[in-house]
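Student: For reference, this is coords23.txt, and it has compact mmCIF, C-alpha atoms and all ligand atoms.
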```
# COMPACT_ATOMS: atom_id res chain seq x y z
CA MET A 1 165.14 -93.05 -26.45
CA MET A 2 165.79 -89.45 -27.30
CA ALA A 3 162.33 -89.29 -29.01
CA ASP A 4 160.77 -90.25 -25.66
CA ALA A 5 162.39 -87.19 -24.13
CA GLY A 6 160.18 -85.04 -26.35
CA VAL A 7 162.63 -84.16 -29.14
CA GLY A 8 161.59 -84.62 -32.78
CA PRO A 9 163.02 -87.28 -35.15
CA GLY A 10 164.64 -84.59 -37.31
CA LEU A 11 166.66 -83.40 -34.35
CA ILE A 12 167.69 -86.98 -33.46
CA ALA A 13 168.90 -87.60 -37.01
CA ARG A 14 170.91 -84.36 -36.90
CA LEU A 15 172.32 -85.26 -33.50
CA LYS A 16 173.37 -88.75 -34.71
CA ARG A 17 175.01 -87.23 -37.76
CA ALA A 18 176.82 -84.71 -35.58
CA VAL A 19 178.21 -87.22 -33.05
CA GLY A 20 178.88 -89.95 -35.66
CA PRO A 21 178.24 -93.72 -35.63
CA ARG A 22 180.81 -94.58 -32.95
CA VAL A 23 179.26 -92.39 -30.23
CA THR A 24 175.72 -93.23 -31.40
CA THR A 25 176.46 -96.94 -31.08
CA LYS A 26 177.96 -96.52 -27.61
CA VAL A 27 174.98 -94.50 -26.37
CA ARG A 28 172.43 -96.92 -27.86
CA CYS A 29 174.23 -99.95 -26.40
CA LEU A 30 174.44 -98.34 -22.97
CA VAL A 31 170.86 -97.13 -22.93
CA ARG A 32 169.27 -100.19 -24.53
CA GLY A 33 171.53 -102.86 -23.05
CA TYR A 34 172.82 -104.15 -26.42
CA GLY A 35 176.22 -105.84 -26.66
CA LEU A 36 178.85 -103.27 -27.62
CA PRO A 37 180.72 -104.19 -30.84
CA ARG A 38 184.49 -103.71 -30.54
CA TRP A 39 185.71 -103.69 -34.11
CA GLY A 40 189.41 -103.16 -33.48
CA ASN A 41 191.10 -103.36 -36.86
CA LEU A 42 188.11 -105.23 -38.35
CA ARG A 43 186.52 -101.85 -39.04
CA ARG A 44 187.91 -101.80 -42.56
CA THR A 45 186.62 -101.86 -46.12
CA ARG A 46 189.58 -103.78 -47.54
CA PRO A 47 190.18 -107.38 -46.50
CA PHE A 48 193.44 -108.54 -44.86
CA SER A 49 194.03 -110.67 -47.94
CA THR A 50 192.73 -110.47 -51.48
CA GLN A 51 193.82 -114.10 -52.03
CA TYR A 52 191.30 -115.77 -49.64
CA GLY A 53 194.02 -115.87 -46.97
CA PHE A 54 196.42 -118.04 -49.02
CA GLU A 55 199.46 -115.95 -48.06
CA ARG A 56 198.47 -116.19 -44.38
CA GLY A 57 197.72 -119.90 -44.36
CA THR A 58 194.81 -122.01 -45.65
CA PRO A 59 191.55 -120.38 -46.83
CA ILE A 60 188.76 -120.93 -44.30
CA ASP A 61 186.44 -122.80 -46.68
CA ARG A 62 189.11 -125.51 -47.03
CA TYR A 63 188.52 -126.49 -43.40
CA TYR A 64 185.05 -127.69 -44.35
CA LEU A 65 186.07 -129.00 -47.77
CA HIS A 66 188.90 -131.15 -46.38
CA GLN A 67 186.67 -132.52 -43.62
CA PHE A 68 184.07 -133.37 -46.28
CA PHE A 69 186.56 -135.22 -48.50
CA GLU A 70 188.10 -136.97 -45.49
CA LEU A 71 184.68 -138.18 -44.37
CA HIS A 72 183.80 -139.49 -47.84
CA ARG A 73 187.17 -140.74 -49.05
CA HIS A 74 185.69 -144.24 -49.50
CA LEU A 75 183.77 -142.74 -52.46
CA ILE A 76 186.95 -141.30 -54.04
CA THR A 77 188.04 -144.58 -55.51
CA GLY A 78 188.52 -146.49 -58.78
CA ARG A 79 188.28 -144.23 -61.83
CA VAL A 80 188.18 -140.64 -60.61
CA LEU A 81 187.68 -137.45 -62.64
CA GLU A 82 188.53 -134.11 -61.04
CA VAL A 83 188.30 -130.55 -62.31
CA GLN A 84 191.56 -128.64 -62.92
CA THR A 85 194.12 -130.94 -61.25
CA SER A 86 194.08 -134.28 -59.46
CA ALA A 87 195.16 -132.66 -56.17
CA TYR A 88 192.22 -133.91 -54.12
CA THR A 89 192.16 -137.30 -55.84
CA LYS A 90 195.78 -137.75 -54.70
CA LEU A 91 195.16 -136.36 -51.22
CA PHE A 92 191.97 -138.20 -50.37
CA GLY A 93 191.57 -141.01 -52.92
CA ARG A 94 191.70 -144.66 -51.90
CA ASP A 95 192.53 -147.49 -54.34
CA VAL A 96 192.40 -145.07 -57.28
CA THR A 97 193.00 -146.90 -60.57
CA GLN A 98 192.71 -143.90 -62.88
CA ALA A 99 193.02 -140.19 -62.05
CA ASP A 100 191.79 -138.00 -64.91
CA THR A 101 191.25 -134.26 -65.00
CA PHE A 102 189.37 -131.79 -67.17
CA ASP A 103 189.30 -128.04 -67.56
CA ILE A 104 188.21 -125.44 -70.05
CA VAL A 105 191.64 -123.79 -69.82
CA PRO A 106 194.73 -125.73 -70.91
CA GLU A 107 197.18 -124.14 -68.39
CA PHE A 108 196.56 -126.85 -65.79
CA ASP A 109 197.50 -129.53 -68.33
CA PRO A 110 194.33 -131.55 -67.75
CA THR A 111 193.66 -134.94 -69.33
CA TYR A 112 190.75 -133.35 -71.21
CA VAL A 113 190.62 -129.72 -72.28
CA CYS A 114 186.93 -129.10 -72.87
CA ASP A 115 183.91 -127.08 -71.97
CA PHE A 116 182.24 -129.49 -69.57
CA ALA A 117 178.79 -128.41 -70.81
CA HIS A 118 179.72 -129.83 -74.23
CA CYS A 119 181.89 -132.82 -73.31
CA GLU A 120 179.83 -135.49 -75.11
CA GLY A 121 182.13 -137.29 -77.54
CA ILE A 122 185.07 -136.45 -75.24
CA LEU A 123 184.11 -137.94 -71.88
CA PRO A 124 182.28 -141.27 -72.35
CA ASP A 125 179.04 -142.33 -70.63
CA GLU A 126 179.31 -143.93 -67.17
CA ALA A 127 183.11 -143.89 -67.32
CA TYR A 128 183.88 -142.80 -63.73
CA ASP A 129 183.29 -144.14 -60.24
CA CYS A 130 183.70 -140.66 -58.82
CA VAL A 131 183.60 -137.08 -60.14
CA LEU A 132 185.14 -134.37 -57.92
CA LEU A 133 183.91 -130.80 -58.40
CA PRO A 134 185.35 -128.70 -55.54
CA ASN A 135 184.06 -125.08 -55.70
CA THR A 136 183.25 -125.49 -59.37
CA LEU A 137 179.48 -125.57 -60.00
CA PRO A 138 179.20 -121.74 -59.68
CA CYS A 139 181.81 -121.40 -62.46
CA PHE A 140 179.88 -123.42 -65.06
CA ARG A 141 178.28 -120.80 -67.29
CA GLU A 142 175.87 -123.38 -68.72
CA LEU A 143 175.03 -124.91 -65.38
CA ASP A 144 172.09 -127.14 -66.40
CA ARG A 145 174.03 -128.72 -69.26
CA SER A 146 177.09 -129.22 -67.06
CA LEU A 147 175.03 -130.91 -64.34
CA ALA A 148 173.56 -133.26 -66.94
CA GLN A 149 177.07 -134.11 -68.19
CA ALA A 150 178.35 -134.89 -64.67
CA PHE A 151 175.42 -137.28 -64.17
CA ARG A 152 175.98 -138.89 -67.58
CA ILE A 153 179.66 -139.70 -67.07
CA VAL A 154 179.39 -141.19 -63.57
CA ARG A 155 178.61 -144.91 -63.47
CA PRO A 156 175.43 -146.24 -61.80
CA GLY A 157 176.24 -146.52 -58.09
CA GLY A 158 179.05 -143.99 -58.47
CA ALA A 159 179.31 -140.59 -56.78
CA ILE A 160 179.66 -136.91 -57.57
CA LEU A 161 181.25 -134.95 -54.72
CA ALA A 162 180.96 -131.19 -55.08
CA SER A 163 181.24 -128.03 -53.01
CA THR A 164 180.11 -124.48 -53.64
CA GLY A 165 181.08 -121.24 -51.95
CA GLY A 166 178.39 -119.39 -50.04
CA LEU A 167 179.59 -116.55 -47.82
CA LEU A 168 182.97 -116.34 -49.49
CA PRO A 169 184.42 -113.54 -51.60
CA LEU A 170 183.97 -114.07 -55.32
CA THR A 171 186.83 -115.78 -57.12
CA ARG A 172 188.00 -113.09 -59.49
CA ASP A 173 190.49 -115.17 -61.50
CA VAL A 174 187.63 -117.26 -62.97
CA PRO A 175 184.08 -115.97 -63.51
CA GLU A 176 181.42 -117.20 -61.10
CA TYR A 177 177.83 -117.17 -62.27
CA TRP A 178 175.72 -118.97 -59.68
CA ARG A 179 175.66 -118.53 -55.92
CA LEU A 180 172.73 -120.51 -54.58
CA THR A 181 171.72 -121.14 -50.99
CA PRO A 182 171.78 -124.75 -49.76
CA ASP A 183 168.01 -124.90 -50.35
CA GLY A 184 168.55 -123.51 -53.84
CA TRP A 185 171.06 -126.27 -54.62
CA ARG A 186 168.69 -128.92 -53.19
CA GLU A 187 165.91 -127.67 -55.42
CA LEU A 188 168.04 -127.45 -58.56
CA LEU A 189 169.89 -130.74 -58.11
CA ALA A 190 166.78 -132.73 -57.23
CA SER A 191 165.51 -132.02 -60.72
CA ALA A 192 168.90 -132.08 -62.55
CA TRP A 193 169.93 -135.40 -60.95
CA ARG A 194 166.49 -136.97 -60.74
CA GLY A 195 166.40 -140.29 -58.90
CA ALA A 196 169.80 -139.78 -57.27
CA GLU A 197 170.44 -139.95 -53.54
CA LEU A 198 171.34 -136.36 -52.67
CA THR A 199 172.95 -134.94 -49.55
CA VAL A 200 173.39 -131.17 -49.43
CA ALA A 201 174.89 -129.69 -46.25
CA GLU A 202 175.97 -126.22 -45.20
CA HIS A 203 179.00 -125.46 -43.03
CA GLY A 204 180.02 -122.39 -41.09
CA ASN A 205 178.87 -119.70 -38.71
CA CYS A 206 179.08 -115.89 -38.48
CA LEU A 207 182.70 -115.89 -37.26
CA ALA A 208 183.86 -118.22 -40.03
CA ALA A 209 181.93 -116.09 -42.54
CA VAL A 210 183.49 -112.82 -41.32
CA GLY A 211 186.95 -114.41 -41.24
CA ALA A 212 186.54 -115.70 -44.79
CA GLN A 213 185.20 -112.36 -46.05
CA MET A 214 188.15 -110.56 -44.45
CA GLY A 215 190.68 -112.90 -46.04
CA LEU A 216 191.79 -114.55 -42.80
CA ALA A 217 193.18 -118.09 -42.78
CA LEU A 218 191.76 -121.09 -40.97
CA GLU A 219 194.93 -121.26 -38.84
CA GLU A 220 193.83 -117.94 -37.28
CA LEU A 221 190.67 -119.49 -35.81
CA THR A 222 190.27 -122.49 -33.52
CA ASP A 223 188.67 -125.77 -34.59
CA ALA A 224 186.03 -125.22 -31.89
CA GLU A 225 185.14 -121.88 -33.50
CA LEU A 226 185.07 -123.29 -37.02
CA ASP A 227 183.02 -126.32 -35.94
CA VAL A 228 180.07 -124.27 -34.71
CA HIS A 229 177.24 -124.93 -37.14
CA ASP A 230 174.80 -122.10 -37.85
CA PRO A 231 172.74 -122.80 -41.00
CA ARG A 232 172.11 -119.06 -41.47
CA TYR A 233 175.79 -118.64 -42.40
CA PRO A 234 176.65 -121.16 -45.13
CA VAL A 235 180.35 -120.46 -45.76
CA LEU A 236 180.57 -123.64 -47.83
CA THR A 237 177.90 -126.00 -49.13
CA THR A 238 178.86 -129.60 -49.80
CA ILE A 239 177.01 -131.95 -52.12
CA ILE A 240 177.01 -135.73 -52.47
CA CYS A 241 175.16 -137.33 -55.34
CA ARG A 242 174.89 -141.12 -55.48
CA LYS A 243 173.70 -142.23 -58.91
CA PRO A 244 171.18 -145.06 -58.61
CA CYS A 245 172.39 -148.54 -59.63
C1 LIG A 301 187.51 -122.40 -58.84
S1 LIG A 301 188.24 -123.70 -59.77
C2 LIG A 301 187.86 -125.07 -58.75
C3 LIG A 301 188.90 -126.12 -58.63
C4 LIG A 301 190.04 -125.82 -57.70
N1 LIG A 301 190.98 -126.94 -57.74
C5 LIG A 301 189.59 -125.63 -56.26
O1 LIG A 301 189.81 -126.53 -55.44
O2 LIG A 301 189.04 -124.56 -55.93
C6 LIG A 301 187.10 -123.89 -61.09
C7 LIG A 301 187.71 -124.51 -62.32
O3 LIG A 301 186.64 -124.80 -63.26
C8 LIG A 301 187.11 -124.52 -64.57
N2 LIG A 301 185.94 -124.30 -65.42
C9 LIG A 301 185.10 -123.25 -65.40
N3 LIG A 301 184.16 -123.40 -66.35
C10 LIG A 301 184.40 -124.57 -66.97
C11 LIG A 301 183.76 -125.28 -68.02
N4 LIG A 301 182.67 -124.78 -68.63
N5 LIG A 301 184.27 -126.45 -68.42
C12 LIG A 301 185.38 -126.96 -67.82
N6 LIG A 301 186.03 -126.34 -66.81
C13 LIG A 301 185.54 -125.16 -66.39
C14 LIG A 301 187.98 -123.27 -64.36
O4 LIG A 301 188.87 -123.07 -65.43
C15 LIG A 301 188.68 -123.60 -63.03
O5 LIG A 301 189.90 -124.26 -63.25
```
For the structure just supplied, provide its representation as structure tokens.

Tutor:
Amino acid sequence: MMADAGVGPGLIARLKRAVGPRVTTKVRCLVRGYGLPRWGNLRRTRPFSTQYGFERGTPIDRYYLHQFFELHRHLITGRVLEVQTSAYTKLFGRDVTQADTFDIVPEFDPTYVCDFAHCEGILPDEAYDCVLLPNTLPCFRELDRSLAQAFRIVRPGGAILASTGGLLPLTRDVPEYWRLTPDGWRELLASAWRGAELTVAEHGNCLAAVGAQMGLALEELTDAELDVHDPRYPVLTTIICRKPC
């Protein structure tokens, strides 16, 4: 706008620097008819929580994860293996006959302490009706090997239910290696779990993504807000793999 008035770009840059981003934004929004952002206390470089909102309530990604497990609880049945603890097996399982757990770290007291990428000889072939991997695939350092193991231990006709964080802060208590887009997961899993019936879905929108990045809890947003689906903002990606019979 100012360039149209016959002033050079160097002067505009100096002017913007002099008045600062707040005034520049206001002027641009007024002149160009853009929506004016009102940041309030969201104009911050530190989140409200460094614990994904745990101390404020329930982390936002759990809204989508719990809906996912609720919707597919008929698959969480029979012999179930879950990473870390059997929390979700207990919460969402139906007619569970065996609830096993595994983890690379012994603190969670899992049934099997092992590196999942090298669990042959520990976890038998086709032993489980269901394998639950909530927010875990990005943590497997040897991802390809781990995916092959998950497919090996689930019985024909059984299911792997997994989720992976997208627009979420990194989990700093355990290393995370792989953050793929939903299309990236589709591509990778179609070849890792060849022949399986795969359903990969993204969940979230820009508000859910900002809330999650800022460490807000799902109780601080409405269901209507969280339910808006915008595939450009995958807060959480959910994965169902049905192994062919
Ligand atoms: C972020 S937690 C996910 C589970 C958690 N209950 C949840 O709902 O978010 C990931 C877990 O995977 C475990 N893990 C990471 N790499 C592993 C590996 N190679 N083999 C077995 N467990 C592994 C970590 O120790 C951690 O307990």

Student: Near Leu143 (chain A), within 12 Å and counting only C-alpha atoms, which residues show up once chain neighbours fewer than 2 positions away are dropped, as a PyMOL selection string?

Tutor: chain A and resi 115-118+136-141+145-150+176-180+185+188-189+192

Student: Just C-alpha atoms for this one: save the residues we selected as a PDB file, in the coordinates of the input.

Tutor:
```pdb
ATOM      1  CA  ASP A 115     183.910-127.080 -71.970  1.00  0.00           C
ATOM      2  CA  PHE A 116     182.240-129.490 -69.570  1.00  0.00           C
ATOM      3  CA  ALA A 117     178.790-128.410 -70.810  1.00  0.00           C
ATOM      4  CA  HIS A 118     179.720-129.830 -74.230  1.00  0.00           C
ATOM      5  CA  THR A 136     183.250-125.490 -59.370  1.00  0.00           C
ATOM      6  CA  LEU A 137     179.480-125.570 -60.000  1.00  0.00           C
ATOM      7  CA  PRO A 138     179.200-121.740 -59.680  1.00  0.00           C
ATOM      8  CA  CYS A 139     181.810-121.400 -62.460  1.00  0.00           C
ATOM      9  CA  PHE A 140     179.880-123.420 -65.060  1.00  0.00           C
ATOM     10  CA  ARG A 141     178.280-120.800 -67.290  1.00  0.00           C
ATOM     11  CA  ARG A 145     174.030-128.720 -69.260  1.00  0.00           C
ATOM     12  CA  SER A 146     177.090-129.220 -67.060  1.00  0.00           C
ATOM     13  CA  LEU A 147     175.030-130.910 -64.340  1.00  0.00           C
ATOM     14  CA  ALA A 148     173.560-133.260 -66.940  1.00  0.00           C
ATOM     15  CA  GLN A 149     177.070-134.110 -68.190  1.00  0.00           C
ATOM     16  CA  ALA A 150     178.350-134.890 -64.670  1.00  0.00           C
ATOM     17  CA  GLU A 176     181.420-117.200 -61.100  1.00  0.00           C
ATOM     18  CA  TYR A 177     177.830-117.170 -62.270  1.00  0.00           C
ATOM     19  CA  TRP A 178     175.720-118.970 -59.680  1.00  0.00           C
ATOM     20  CA  ARG A 179     175.660-118.530 -55.920  1.00  0.00           C
ATOM     21  CA  LEU A 180     172.730-120.510 -54.580  1.00  0.00           C
ATOM     22  CA  TRP A 185     171.060-126.270 -54.620  1.00  0.00           C
ATOM     23  CA  LEU A 188     168.040-127.450 -58.560  1.00  0.00           C
ATOM     24  CA  LEU A 189     169.890-130.740 -58.110  1.00  0.00           C
ATOM     25  CA  ALA A 192     168.900-132.080 -62.550  1.00  0.00           C
TER      26      ALA A 192
END
```

Student: Mind checking which residues fall within 12 Å of region 210-225 of chain A, counting all atoms listed in the file, ignoring those fewer than 2 positions away in the same chain, and posting them as an NGL selection string?

Tutor: :A and (39 or 41-67 or 165-171 or 203-208 or 227-230 or 233-236)

Student: Find the residue from A:Val83, A:Gly121, A:Arg242, A:Thr181 that sits nearest to Ile104 (chain A); use all atoms listed in the file when measuring.

Tutor: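 Using all atoms listed in the file, Ile104 (chain A) sits closest to A:Val83.
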
Student: Show which residues sit within 12 Å of Asp95 (chain A), as a list in words. Count only C-alpha atoms, and ignore same-chain residues fewer than 2 positions away.

Tutor: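 Counting only the stated atoms, we get Arg73, His74, Leu75, Ile76, Thr77, Gly78, Arg79, Val80, Thr89, Lys90, Leu91, Phe92, Gly93, Thr97, Gln98, Ala99 and Asp129 of chain A.
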
Student: Between CA of Glu107 (chain A) and CA of Val174 (chain A), what is the spacing in Å?

Tutor: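 These atoms are spaced 13.0 Å apart.
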
Student: Could you work out an axis-aligned bounding box for all listed atoms of ligand LIG 301 (chain A), with 5 Å added on each of the six sides, and give its centre and edge lengths in Å to one decimal, as JSON?

Tutor:
```
{"center_x": 186.8, "center_y": -124.7, "center_z": -62.0, "size_x": 18.3, "size_y": 14.6, "size_z": 23.2}
```

Student: When distances are computed from all atoms listed in the file, which of A:Ala159, A:Ile239, A:Ile153, A:Cys119 shows the smallest separation from ligand LIG 301 (chain A)?

Tutor: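 Ranking A:Ala159, A:Ile239, A:Ile153, A:Cys119 by distance to ligand LIG 301 (chain A), first place goes to A:Cys119.
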
Student: Quick one: distance from CA of Val23 (chain A) to CA of Gly35 (chain A) in Å, one decimal?

Tutor: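 Between these atoms lies a distance of 14.2 Å.
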
Student: So which one's closest to ligand LIG 301 (chain A), A:Pro134, A:Pro124, A:Gly20, A:Pro9? Using only C-alpha atoms and all ligand atoms, please.

Tutor: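 Between A:Pro134, A:Pro124, A:Gly20, A:Pro9, the residue approaching ligand LIG 301 (chain A) most closely is A:Pro134.
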
Student: Work out how far CA of Glu202 (chain A) is from CA of Ala127 (chain A), in Å to one decimal.

Tutor: 29.2 Å

Student: Excluding Glu126 (chain A) and its own-chain neighbours fewer than 4 positions away, which residues fall within 9 Å of it when counting only C-alpha atoms? Please give them as a VMD selection string.

Tutor: chain A and resid 151 to 156 158

Student: My list of candidates is A:Asn135, A:Ser86, A:Thr24, A:Thr111. Which is closest to ligand LIG 301 (chain A) when distances are computed with only C-alpha atoms and all ligand atoms?

Tutor: A:Asn135

Student: Check the smallest atom-to-atom distance from each of A:Gly33, A:Pro110, A:Gly8, A:Gly195 to ligand LIG 301 (chain A) using all atoms listed in the file, then report the winner.

Tutor: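 Nearest to ligand LIG 301 (chain A): A:Pro110.
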
Student: If you count all atoms listed in the file, which residues fall within 8 Å of Val113 (chain A), apart from same-chain ones fewer than 5 positions away, as a list in words?

Tutor: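 Close residues of Val113 (chain A): Phe102, Asp103, Ile104, Val105 and Pro106 of chain A.
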
Student: Let me make sure I understand: among A:Arg22, A:Val96, A:Leu11, A:Leu81, which one has the smallest atom-to-atom distance to Leu123 (chain A) if we use all atoms listed in the file?

Tutor: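 Closest candidate: A:Leu81.
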